[in-house]
>>> print(open('work_20.cif').read())   # mmCIF, C-alpha atoms
data_query
loop_
_atom_site.group_PDB
_atom_site.id
_atom_site.type_symbol
_atom_site.label_atom_id
_atom_site.label_comp_id
_atom_site.auth_asym_id
_atom_site.auth_seq_id
_atom_site.Cartn_x
_atom_site.Cartn_y
_atom_site.Cartn_z
ATOM 1 C CA MET A 12 0.000 0.000 0.000
ATOM 2 C CA ALA A 13 1.704 3.187 -1.209
ATOM 3 C CA ALA A 14 0.310 5.566 1.380
ATOM 4 C CA GLN A 15 1.606 8.286 3.652
ATOM 5 C CA LEU A 16 0.437 10.114 6.741
ATOM 6 C CA THR A 17 -1.198 13.443 5.900
ATOM 7 C CA GLY A 18 -3.091 14.332 9.069
ATOM 8 C CA ILE A 19 -2.706 13.916 12.850
ATOM 9 C CA ARG A 20 -5.491 14.897 15.248
ATOM 10 C CA ILE A 21 -5.665 14.400 18.981
ATOM 11 C CA TYR A 22 -8.535 15.109 21.386
ATOM 12 C CA PRO A 23 -7.066 16.265 24.721
ATOM 13 C CA VAL A 24 -10.486 16.181 26.392
ATOM 14 C CA LYS A 25 -12.579 13.227 25.278
ATOM 15 C CA SER A 26 -15.589 14.347 23.170
ATOM 16 C CA LEU A 27 -14.410 17.950 22.764
ATOM 17 C CA ASP A 28 -12.636 19.596 19.820
ATOM 18 C CA PRO A 29 -9.433 18.250 18.245
ATOM 19 C CA VAL A 30 -5.955 19.675 17.967
ATOM 20 C CA GLU A 31 -4.229 19.253 14.592
ATOM 21 C CA LEU A 32 -0.520 18.409 14.744
ATOM 22 C CA ASN A 33 2.373 17.933 12.354
ATOM 23 C CA GLU A 34 3.936 15.387 14.693
ATOM 24 C CA ALA A 35 2.840 13.405 17.734
ATOM 25 C CA GLU A 36 4.664 11.371 20.340
ATOM 26 C CA VAL A 37 3.474 7.842 21.080
ATOM 27 C CA GLY A 38 2.377 7.451 24.680
ATOM 28 C CA LEU A 39 1.252 4.334 26.549
ATOM 29 C CA TYR A 40 -1.564 2.737 24.520
ATOM 30 C CA SER A 41 -2.389 6.143 23.026
ATOM 31 C CA LEU A 42 -0.854 9.188 21.444
ATOM 32 C CA ARG A 43 0.491 11.628 23.987
ATOM 33 C CA TYR A 44 -2.239 14.060 25.109
ATOM 34 C CA ASP A 45 -4.972 12.148 23.249
ATOM 35 C CA ARG A 46 -8.025 11.596 25.471
ATOM 36 C CA GLU A 47 -5.810 12.536 28.414
ATOM 37 C CA PHE A 48 -8.892 13.985 30.109
ATOM 38 C CA ALA A 49 -12.557 13.045 30.137
ATOM 39 C CA MET A 50 -15.720 14.504 31.635
ATOM 40 C CA LEU A 51 -17.309 12.151 34.186
ATOM 41 C CA THR A 52 -20.736 12.321 35.846
ATOM 42 C CA PRO A 53 -21.719 10.951 39.297
ATOM 43 C CA ASP A 54 -23.008 7.688 37.802
ATOM 44 C CA GLY A 55 -19.452 6.896 36.677
ATOM 45 C CA LYS A 56 -20.231 7.425 32.983
ATOM 46 C CA PHE A 57 -18.591 9.766 30.514
ATOM 47 C CA MET A 58 -20.270 12.955 29.422
ATOM 48 C CA ASN A 59 -19.799 12.386 25.705
ATOM 49 C CA GLY A 60 -21.532 12.568 22.343
ATOM 50 C CA LYS A 61 -23.170 9.190 22.837
ATOM 51 C CA ARG A 62 -24.924 10.585 25.881
ATOM 52 C CA SER A 63 -25.681 14.177 24.942
ATOM 53 C CA GLY A 64 -25.441 16.496 21.951
ATOM 54 C CA ARG A 65 -24.576 19.252 24.420
ATOM 55 C CA VAL A 66 -20.895 18.323 24.111
ATOM 56 C CA ASN A 67 -21.034 19.524 20.497
ATOM 57 C CA GLU A 68 -22.279 22.927 21.675
ATOM 58 C CA LEU A 69 -19.084 23.592 23.623
ATOM 59 C CA ALA A 70 -16.079 24.932 21.703
ATOM 60 C CA ALA A 71 -12.614 24.118 23.051
ATOM 61 C CA THR A 72 -9.111 25.203 22.098
ATOM 62 C CA PHE A 73 -5.877 24.079 23.732
ATOM 63 C CA ASP A 74 -2.350 25.292 24.402
ATOM 64 C CA LEU A 75 -0.724 21.941 25.114
ATOM 65 C CA ALA A 76 2.690 23.345 25.968
ATOM 66 C CA ALA A 77 1.179 25.693 28.562
ATOM 67 C CA ARG A 78 -1.346 23.049 29.697
ATOM 68 C CA ARG A 79 -4.295 25.398 29.165
ATOM 69 C CA ILE A 80 -7.837 24.974 27.818
ATOM 70 C CA ARG A 81 -10.196 27.684 26.571
ATOM 71 C CA LEU A 82 -13.928 26.918 26.588
ATOM 72 C CA MET A 83 -16.802 28.858 25.039
ATOM 73 C CA PRO A 84 -20.433 27.941 24.295
ATOM 74 C CA ARG A 85 -20.837 27.982 20.506
ATOM 75 C CA ALA A 86 -24.139 29.802 20.889
ATOM 76 C CA GLY A 87 -22.285 32.718 22.441
ATOM 77 C CA GLY A 88 -21.052 33.743 25.842
ATOM 78 C CA ALA A 89 -17.845 34.454 27.670
ATOM 79 C CA THR A 90 -14.673 32.518 26.900
ATOM 80 C CA VAL A 91 -13.060 30.998 29.978
ATOM 81 C CA ASP A 92 -9.434 29.926 30.283
ATOM 82 C CA PHE A 93 -8.133 27.318 32.715
ATOM 83 C CA HIS A 94 -4.957 25.434 33.564
ATOM 84 C CA LEU A 95 -5.646 21.743 32.947
ATOM 85 C CA ASP A 96 -3.719 20.566 36.009
ATOM 86 C CA ASP A 97 -4.012 23.369 38.553
ATOM 87 C CA GLU A 98 -7.607 24.459 37.988
ATOM 88 C CA ARG A 99 -9.582 21.239 37.598
ATOM 89 C CA GLN A 100 -12.060 22.247 40.285
ATOM 90 C CA GLN A 101 -12.790 25.452 38.383
ATOM 91 C CA ILE A 102 -13.149 23.489 35.143
ATOM 92 C CA ALA A 103 -15.544 21.098 36.884
ATOM 93 C CA ALA A 104 -17.640 24.020 38.135
ATOM 94 C CA PHE A 105 -17.864 25.482 34.622
ATOM 95 C CA LEU A 106 -18.761 22.127 33.054
ATOM 96 C CA SER A 107 -21.332 21.370 35.742
ATOM 97 C CA ASP A 108 -23.030 24.686 35.081
ATOM 98 C CA PHE A 109 -22.921 24.160 31.304
ATOM 99 C CA PHE A 110 -24.348 20.623 31.381
ATOM 100 C CA GLY A 111 -26.744 21.226 34.260
ATOM 101 C CA MET A 112 -25.408 18.313 36.320
ATOM 102 C CA PRO A 113 -22.290 17.550 38.355
ATOM 103 C CA VAL A 114 -19.302 16.881 36.073
ATOM 104 C CA VAL A 115 -15.673 16.322 37.038
ATOM 105 C CA LEU A 116 -12.579 16.180 34.856
ATOM 106 C CA VAL A 117 -10.682 12.890 35.174
ATOM 107 C CA HIS A 118 -7.133 12.241 33.966
ATOM 108 C CA SER A 119 -5.136 9.320 32.573
ATOM 109 C CA GLU A 120 -1.884 9.063 30.625
ATOM 110 C CA SER A 121 -2.211 5.340 29.894
ATOM 111 C CA GLY A 122 -5.014 5.244 27.333
ATOM 112 C CA GLN A 123 -7.664 4.303 29.890
ATOM 113 C CA LEU A 124 -10.041 7.026 28.679
ATOM 114 C CA MET A 125 -10.223 5.684 25.120
ATOM 115 C CA ASP A 126 -13.505 4.112 23.991
ATOM 116 C CA MET A 127 -11.677 0.790 23.714
ATOM 117 C CA PRO A 128 -8.782 1.035 26.185
ATOM 118 C CA ARG A 129 -5.573 -0.659 25.041
ATOM 119 C CA GLU A 130 -7.288 -2.540 22.198
ATOM 120 C CA SER A 131 -7.745 0.617 20.137
ATOM 121 C CA SER A 132 -4.957 3.068 20.895
ATOM 122 C CA LEU A 133 -5.940 5.255 17.959
ATOM 123 C CA THR A 134 -8.065 5.232 14.814
ATOM 124 C CA LEU A 135 -6.991 5.662 11.192
ATOM 125 C CA VAL A 136 -8.876 6.622 8.027
ATOM 126 C CA SER A 137 -7.937 7.511 4.451
ATOM 127 C CA SER A 138 -8.718 10.796 2.746
ATOM 128 C CA ALA A 139 -10.130 8.779 -0.161
ATOM 129 C CA SER A 140 -12.685 7.078 2.106
ATOM 130 C CA LEU A 141 -13.878 10.390 3.502
ATOM 131 C CA LYS A 142 -14.145 11.800 -0.025
ATOM 132 C CA SER A 143 -16.098 8.731 -1.167
ATOM 133 C CA LEU A 144 -18.579 9.244 1.652
ATOM 134 C CA GLN A 145 -18.778 12.966 1.010
ATOM 135 C CA ALA A 146 -19.639 12.364 -2.659
ATOM 136 C CA ASP A 147 -22.682 10.330 -1.599
ATOM 137 C CA MET A 148 -23.607 12.651 1.283
ATOM 138 C CA ALA A 149 -23.361 15.989 -0.493
ATOM 139 C CA ALA A 150 -24.942 17.924 2.367
ATOM 140 C CA HIS A 151 -21.859 17.251 4.478
ATOM 141 C CA HIS A 152 -18.541 19.030 3.921
ATOM 142 C CA LEU A 153 -15.313 17.033 4.109
ATOM 143 C CA ASP A 154 -14.027 18.795 7.222
ATOM 144 C CA GLU A 155 -17.400 18.219 8.869
ATOM 145 C CA LEU A 156 -17.081 14.481 8.202
ATOM 146 C CA ARG A 157 -13.643 14.552 9.817
ATOM 147 C CA LEU A 158 -15.197 16.071 12.933
ATOM 148 C CA ARG A 159 -17.986 13.501 12.958
ATOM 149 C CA PHE A 160 -15.705 10.446 12.775
ATOM 150 C CA ARG A 161 -12.902 11.823 14.972
ATOM 151 C CA ALA A 162 -10.023 9.755 13.564
ATOM 152 C CA ASN A 163 -6.504 10.329 14.883
ATOM 153 C CA LEU A 164 -4.584 9.576 11.705
ATOM 154 C CA GLU A 165 -5.450 10.308 8.083
ATOM 155 C CA ILE A 166 -3.519 8.798 5.187
ATOM 156 C CA SER A 167 -3.466 9.587 1.479
ATOM 157 C CA GLY A 168 -2.161 7.776 -1.583
ATOM 158 C CA THR A 169 -4.629 4.905 -1.413
ATOM 159 C CA ALA A 170 -8.034 4.181 -2.926
ATOM 160 C CA ALA A 171 -11.191 4.518 -0.861
ATOM 161 C CA TYR A 172 -11.428 1.989 1.978
ATOM 162 C CA ARG A 173 -8.104 0.340 1.138
ATOM 163 C CA GLU A 174 -6.953 1.276 4.638
ATOM 164 C CA GLU A 175 -9.176 -1.638 5.689
ATOM 165 C CA GLU A 176 -6.468 -3.919 4.346
ATOM 166 C CA LEU A 177 -4.755 -2.985 7.622
ATOM 167 C CA PHE A 178 -6.862 -5.533 9.499
ATOM 168 C CA GLY A 179 -7.457 -9.221 8.875
ATOM 169 C CA ASP A 180 -10.336 -11.448 9.907
ATOM 170 C CA PRO A 181 -11.770 -11.173 13.447
ATOM 171 C CA GLU A 182 -8.927 -13.314 14.829
ATOM 172 C CA ASN A 183 -5.989 -11.719 13.021
ATOM 173 C CA GLY A 184 -4.557 -8.244 12.780
ATOM 174 C CA VAL A 185 -2.047 -6.663 10.410
ATOM 175 C CA ARG A 186 1.314 -5.296 11.517
ATOM 176 C CA PHE A 187 2.347 -2.102 9.761
ATOM 177 C CA ARG A 188 4.740 0.772 10.215
ATOM 178 C CA LEU A 189 4.236 4.513 9.825
ATOM 179 C CA GLY A 190 7.650 6.146 9.794
ATOM 180 C CA GLU A 191 9.451 4.742 12.841
ATOM 181 C CA VAL A 192 6.331 3.545 14.657
ATOM 182 C CA GLU A 193 5.119 -0.060 14.399
ATOM 183 C CA MET A 194 1.468 -0.746 15.154
ATOM 184 C CA VAL A 195 -1.263 -3.310 14.534
ATOM 185 C CA GLY A 196 -4.580 -2.851 12.774
ATOM 186 C CA VAL A 197 -7.083 -4.916 14.773
ATOM 187 C CA GLY A 198 -10.409 -4.325 13.007
ATOM 188 C CA PRO A 199 -12.938 -1.786 11.726
ATOM 189 C CA ARG A 200 -14.544 0.723 14.080
ATOM 190 C CA ALA A 201 -18.282 0.132 14.439
ATOM 191 C CA ARG A 202 -19.967 3.502 14.621
ATOM 192 C CA CYS A 203 -22.455 4.716 17.225
ATOM 193 C CA ASN A 204 -24.876 7.638 17.478
ATOM 194 C CA VAL A 205 -22.068 10.220 17.433
ATOM 195 C CA PRO A 206 -21.397 10.578 13.646
ATOM 196 C CA PRO A 207 -25.059 11.406 12.862
ATOM 197 C CA ARG A 208 -24.880 14.405 15.218
ATOM 198 C CA ASN A 209 -24.012 17.775 13.740
ATOM 199 C CA PRO A 210 -20.528 18.419 15.183
ATOM 200 C CA PHE A 211 -21.391 22.019 16.065
ATOM 201 C CA SER A 212 -24.974 21.765 17.296
ATOM 202 C CA GLY A 213 -25.342 18.135 18.384
ATOM 203 C CA ILE A 214 -28.622 17.849 16.443
ATOM 204 C CA PRO A 215 -28.981 14.329 14.937
ATOM 205 C CA ASP A 216 -29.395 13.872 11.172
ATOM 206 C CA SER A 217 -32.033 11.154 10.857
ATOM 207 C CA GLY A 218 -30.910 10.138 7.358
ATOM 208 C CA PHE A 219 -27.180 9.941 8.070
ATOM 209 C CA VAL A 220 -26.851 6.246 8.925
ATOM 210 C CA LYS A 221 -28.931 5.083 5.942
ATOM 211 C CA LEU A 222 -26.906 7.198 3.506
ATOM 212 C CA MET A 223 -23.624 6.026 4.989
ATOM 213 C CA VAL A 224 -24.571 2.333 4.843
ATOM 214 C CA GLU A 225 -25.758 2.674 1.242
ATOM 215 C CA SER A 226 -22.524 4.430 0.297
ATOM 216 C CA ARG A 227 -20.394 1.759 1.971
ATOM 217 C CA LYS A 228 -22.263 -1.088 0.266
ATOM 218 C CA LYS A 229 -21.889 0.563 -3.131
ATOM 219 C CA SER A 230 -18.185 1.305 -2.678
ATOM 220 C CA LEU A 231 -17.054 -1.932 -1.019
ATOM 221 C CA PRO A 232 -13.685 -2.937 -2.554
ATOM 222 C CA ARG A 233 -13.269 -6.382 -4.045
ATOM 223 C CA GLY A 234 -12.059 -8.816 -1.398
ATOM 224 C CA SER A 235 -13.069 -6.552 1.496
ATOM 225 C CA ARG A 236 -13.103 -8.244 4.909
ATOM 226 C CA LEU A 237 -15.654 -5.799 6.273
ATOM 227 C CA PRO A 238 -18.643 -8.211 5.897
ATOM 228 C CA LEU A 239 -16.902 -10.536 8.376
ATOM 229 C CA PHE A 240 -17.531 -7.927 11.082
ATOM 230 C CA GLY A 241 -21.309 -7.864 10.919
ATOM 231 C CA GLY A 242 -22.414 -4.796 8.999
ATOM 232 C CA PHE A 243 -21.584 -1.753 6.916
ATOM 233 C CA TYR A 244 -21.936 0.942 9.565
ATOM 234 C CA HIS A 245 -18.180 0.987 10.102
ATOM 235 C CA LEU A 246 -15.497 3.554 9.330
ATOM 236 C CA THR A 247 -11.871 3.957 10.445
ATOM 237 C CA VAL A 248 -9.467 1.237 11.529
ATOM 238 C CA ASN A 249 -8.885 0.434 15.203
ATOM 239 C CA VAL A 250 -5.130 0.424 15.766
ATOM 240 C CA PHE A 251 -3.149 -1.031 18.685
ATOM 241 C CA LEU A 252 0.081 0.679 19.767
ATOM 242 C CA PRO A 253 2.485 -1.773 21.445
ATOM 243 C CA PRO A 254 4.024 -0.385 24.643
ATOM 244 C CA ALA A 255 7.504 -0.807 23.131
ATOM 245 C CA GLU A 256 6.687 2.054 20.720
ATOM 246 C CA GLN A 257 6.266 4.574 23.547
ATOM 247 C CA GLY A 258 8.374 7.692 22.999
ATOM 248 C CA LYS A 259 8.642 7.308 19.218
ATOM 249 C CA MET A 260 7.304 10.018 16.917
ATOM 250 C CA LEU A 261 4.699 10.046 14.172
ATOM 251 C CA ARG A 262 5.118 12.812 11.598
ATOM 252 C CA VAL A 263 3.071 14.088 8.686
ATOM 253 C CA GLY A 264 4.752 12.674 5.576
ATOM 254 C CA ASP A 265 5.617 9.322 7.170
ATOM 255 C CA ARG A 266 5.341 6.432 4.715
ATOM 256 C CA LEU A 267 3.185 3.412 5.461
ATOM 257 C CA GLU A 268 4.699 -0.071 5.179
ATOM 258 C CA VAL A 269 2.683 -3.269 5.675
ATOM 259 C CA LEU A 270 4.660 -5.908 7.602
ATOM 260 C CA GLY A 271 2.352 -8.919 7.808
ATOM 261 C CA SER A 272 -0.365 -10.748 9.719
ATOM 262 C CA VAL A 273 -0.401 -11.282 13.496
ATOM 263 C CA PRO A 274 -2.831 -13.225 15.714
ATOM 264 C CA LEU A 275 -4.792 -10.804 17.883
ATOM 265 C CA ASN A 276 -4.535 -13.113 20.897
ATOM 266 C CA SER A 277 -0.778 -12.572 20.874
ATOM 267 C CA LEU A 278 -1.013 -8.826 21.556
#
>>> encode(input="work_20.cif", output="structure tokens")
Amino acid sequence: MAAQLTGIRIYPVKSLDPVELNEAEVGLYSLRYDREFAMLTPDGKFMNGKRSGRVNELAATFDLAARRIRLMPRAGGATVDFHLDDERQQIAAFLSDFFGMPVVLVHSESGQLMDMPRESSLTLVSSASLKSLQADMAAHHLDELRLRFRANLEISGTAAYREEELFGDPENGVRFRLGEVEMVGVGPRARCNVPPRNPFSGIPDSGFVKLMVESRKKSLPRGSRLPLFGGFYHLTVNVFLPPAEQGKMLRVGDRLEVLGSVPLNSL
């Protein structure tokens, strides 16, 4: 697969806005700073897009070097600025007021706040796949689709959905390398009720899933393994980062090299 890395996005606070990077350090079972924080409610569940479209109504920007977050309701209102480590109580008070329920900010640097801890350290998609979907879902701009599917890595130089060659059948993954970082594609990401939500308002698009499934069926590459995973409402590849890769760097422009199959029970 003659592909290269063209986009890196991390999400310092789970479910809030991304940060686009030219390079990213591999952490423990995640990219450094990715889903380092999450919003948690008293029932022990995340405040996320699966639970409430209100998360889409909150704009966030980050200064990672200074460890600061700026939050502002998209509908208008004052912008607030907090230190992510020193002012978590103040952040919790702001979030609790915004969501109308108690919310705290929890922290992990070991990938424990990912949707699929350890098993899916990051997600990967190709530009061609997003463009294929966008052609069949003309009401949605390409950058909007990126926000809906929230992939960490985007590659170019491959046909639509050929990134799905980076996983095998449900028992086997595919080892591959991006630049100096070796990783394993473990399977396709089944989607939930987050992609149908408008990424700025949180309002669901009732026709989104049907259009996406129809597009995926129509565009399925010959020999695709996707049917082995039980449906067409999938996009992006779940990728496992071995702990030995911690500290290595991913950079825009890195070339992708497929290394071979690996049993998933060996990871």
>>> resolve_selection(input="work_20.cif", expression="the PyMOL selection byres ((chain A and resi 62) around 12)", output="mmCIF file with C-alpha atoms, in the coordinates of the input")
data_model
loop_
_atom_site.group_PDB
_atom_site.id
_atom_site.type_symbol
_atom_site.label_atom_id
_atom_site.label_comp_id
_atom_site.auth_asym_id
_atom_site.auth_seq_id
_atom_site.Cartn_x
_atom_site.Cartn_y
_atom_site.Cartn_z
ATOM 1 C CA SER A 26 -15.589 14.347 23.170
ATOM 2 C CA MET A 50 -15.720 14.504 31.635
ATOM 3 C CA LEU A 51 -17.309 12.151 34.186
ATOM 4 C CA THR A 52 -20.736 12.321 35.846
ATOM 5 C CA LYS A 56 -20.231 7.425 32.983
ATOM 6 C CA PHE A 57 -18.591 9.766 30.514
ATOM 7 C CA MET A 58 -20.270 12.955 29.422
ATOM 8 C CA ASN A 59 -19.799 12.386 25.705
ATOM 9 C CA GLY A 60 -21.532 12.568 22.343
ATOM 10 C CA LYS A 61 -23.170 9.190 22.837
ATOM 11 C CA SER A 63 -25.681 14.177 24.942
ATOM 12 C CA GLY A 64 -25.441 16.496 21.951
ATOM 13 C CA ARG A 65 -24.576 19.252 24.420
ATOM 14 C CA VAL A 66 -20.895 18.323 24.111
ATOM 15 C CA ASN A 67 -21.034 19.524 20.497
ATOM 16 C CA PHE A 110 -24.348 20.623 31.381
ATOM 17 C CA CYS A 203 -22.455 4.716 17.225
ATOM 18 C CA ASN A 204 -24.876 7.638 17.478
ATOM 19 C CA VAL A 205 -22.068 10.220 17.433
ATOM 20 C CA ARG A 208 -24.880 14.405 15.218
ATOM 21 C CA GLY A 213 -25.342 18.135 18.384
#
>>> resolve_selection(input="work_20.cif", expression="the PyMOL selection byres ((chain A and resi 183) around 7)", output="mmCIF file with C-alpha atoms, in the coordinates of the input")
data_model
loop_
_atom_site.group_PDB
_atom_site.id
_atom_site.type_symbol
_atom_site.label_atom_id
_atom_site.label_comp_id
_atom_site.auth_asym_id
_atom_site.auth_seq_id
_atom_site.Cartn_x
_atom_site.Cartn_y
_atom_site.Cartn_z
ATOM 1 C CA GLY A 179 -7.457 -9.221 8.875
ATOM 2 C CA ASP A 180 -10.336 -11.448 9.907
ATOM 3 C CA PRO A 181 -11.770 -11.173 13.447
ATOM 4 C CA GLU A 182 -8.927 -13.314 14.829
ATOM 5 C CA GLY A 184 -4.557 -8.244 12.780
ATOM 6 C CA VAL A 185 -2.047 -6.663 10.410
ATOM 7 C CA SER A 272 -0.365 -10.748 9.719
ATOM 8 C CA VAL A 273 -0.401 -11.282 13.496
ATOM 9 C CA PRO A 274 -2.831 -13.225 15.714
ATOM 10 C CA LEU A 275 -4.792 -10.804 17.883
#
>>> atom_distance(input="work_20.cif", atom1="CA of Leu106 in chain A", atom2="CA of Phe73 in chain A")
16.0 Å
>>> resolve_selection(input="work_20.cif", expression="the PyMOL selection byres ((chain A and resi 222) around 12)", output="compact mmCIF listing (two decimals) with C-alpha atoms, keeping the file's coordinate frame")
# COMPACT_ATOMS: atom_id res chain seq x y z
CA SER A 143 -16.10 8.73 -1.17
CA LEU A 144 -18.58 9.24 1.65
CA GLN A 145 -18.78 12.97 1.01
CA ALA A 146 -19.64 12.36 -2.66
CA ASP A 147 -22.68 10.33 -1.60
CA MET A 148 -23.61 12.65 1.28
CA ALA A 149 -23.36 15.99 -0.49
CA ALA A 150 -24.94 17.92 2.37
CA HIS A 151 -21.86 17.25 4.48
CA PRO A 207 -25.06 11.41 12.86
CA ASP A 216 -29.40 13.87 11.17
CA SER A 217 -32.03 11.15 10.86
CA GLY A 218 -30.91 10.14 7.36
CA PHE A 219 -27.18 9.94 8.07
CA VAL A 220 -26.85 6.25 8.93
CA LYS A 221 -28.93 5.08 5.94
CA MET A 223 -23.62 6.03 4.99
CA VAL A 224 -24.57 2.33 4.84
CA GLU A 225 -25.76 2.67 1.24
CA SER A 226 -22.52 4.43 0.30
CA ARG A 227 -20.39 1.76 1.97
CA LYS A 228 -22.26 -1.09 0.27
CA LYS A 229 -21.89 0.56 -3.13
CA PHE A 243 -21.58 -1.75 6.92
CA TYR A 244 -21.94 0.94 9.56
>>> atom_distance(input="work_20.cif", atom1="CA of Leu239 in chain A", atom2="CA of Asn276 in chain A")
17.8 Å
>>> closest_residue(input="work_20.cif", among="A:Glu120, A:Asp97, A:Glu31, A:Glu174", to="Leu237 in chain A", atoms="all atoms listed in the file")
A:Glu174
>>> closest_residue(input="work_20.cif", among="A:Glu130, A:Asp108, A:Asp74, A:Glu68", to="Gly87 in chain A", atoms="all atoms listed in the file")
A:Glu68
>>> closest_residue(input="work_20.cif", among="A:Ile102, A:Leu177, A:Gly111, A:Leu141", to="Asp154 in chain A", atoms="only C-alpha atoms")
A:Leu141
>>> atom_distance(input="work_20.cif", atom1="CA of Gly122 in chain A", atom2="CA of Thr90 in chain A")
28.9 Å
>>> residues_near_point(input="work_20.cif", point="(-4.9, 3.2, 20.5)", cutoff="7 Å", atoms="all atoms listed in the file", output="VMD selection string")
chain A and resid 40 to 41 129 to 134 250 to 252
>>> write_last_selection(input="work_20.cif", atoms="C-alpha atoms", output="PDB file, in the coordinates of the input")
ATOM      1  CA  TYR A  40      -1.564   2.737  24.520  1.00  0.00           C
ATOM      2  CA  SER A  41      -2.389   6.143  23.026  1.00  0.00           C
ATOM      3  CA  ARG A 129      -5.573  -0.659  25.041  1.00  0.00           C
ATOM      4  CA  GLU A 130      -7.288  -2.540  22.198  1.00  0.00           C
ATOM      5  CA  SER A 131      -7.745   0.617  20.137  1.00  0.00           C
ATOM      6  CA  SER A 132      -4.957   3.068  20.895  1.00  0.00           C
ATOM      7  CA  LEU A 133      -5.940   5.255  17.959  1.00  0.00           C
ATOM      8  CA  THR A 134      -8.065   5.232  14.814  1.00  0.00           C
ATOM      9  CA  VAL A 250      -5.130   0.424  15.766  1.00  0.00           C
ATOM     10  CA  PHE A 251      -3.149  -1.031  18.685  1.00  0.00           C
ATOM     11  CA  LEU A 252       0.081   0.679  19.767  1.00  0.00           C
TER      12      LEU A 252
END
>>> closest_residue(input="work_20.cif", among="A:His118, A:Asp92, A:Ser230, A:Ala162", to="Val30 in chain A", atoms="all atoms listed in the file")
A:Ala162
>>> residues_around(input="work_20.cif", residues="Phe160 in chain A", least_positions_apart="5", cutoff="8 Å", atoms="only C-alpha atoms", output="mmCIF file with C-alpha atoms, in the frame of the given file")
data_model
loop_
_atom_site.group_PDB
_atom_site.id
_atom_site.type_symbol
_atom_site.label_atom_id
_atom_site.label_comp_id
_atom_site.auth_asym_id
_atom_site.auth_seq_id
_atom_site.Cartn_x
_atom_site.Cartn_y
_atom_site.Cartn_z
ATOM 1 C CA VAL A 205 -22.068 10.220 17.433
ATOM 2 C CA PRO A 206 -21.397 10.578 13.646
ATOM 3 C CA LEU A 246 -15.497 3.554 9.330
ATOM 4 C CA THR A 247 -11.871 3.957 10.445
#
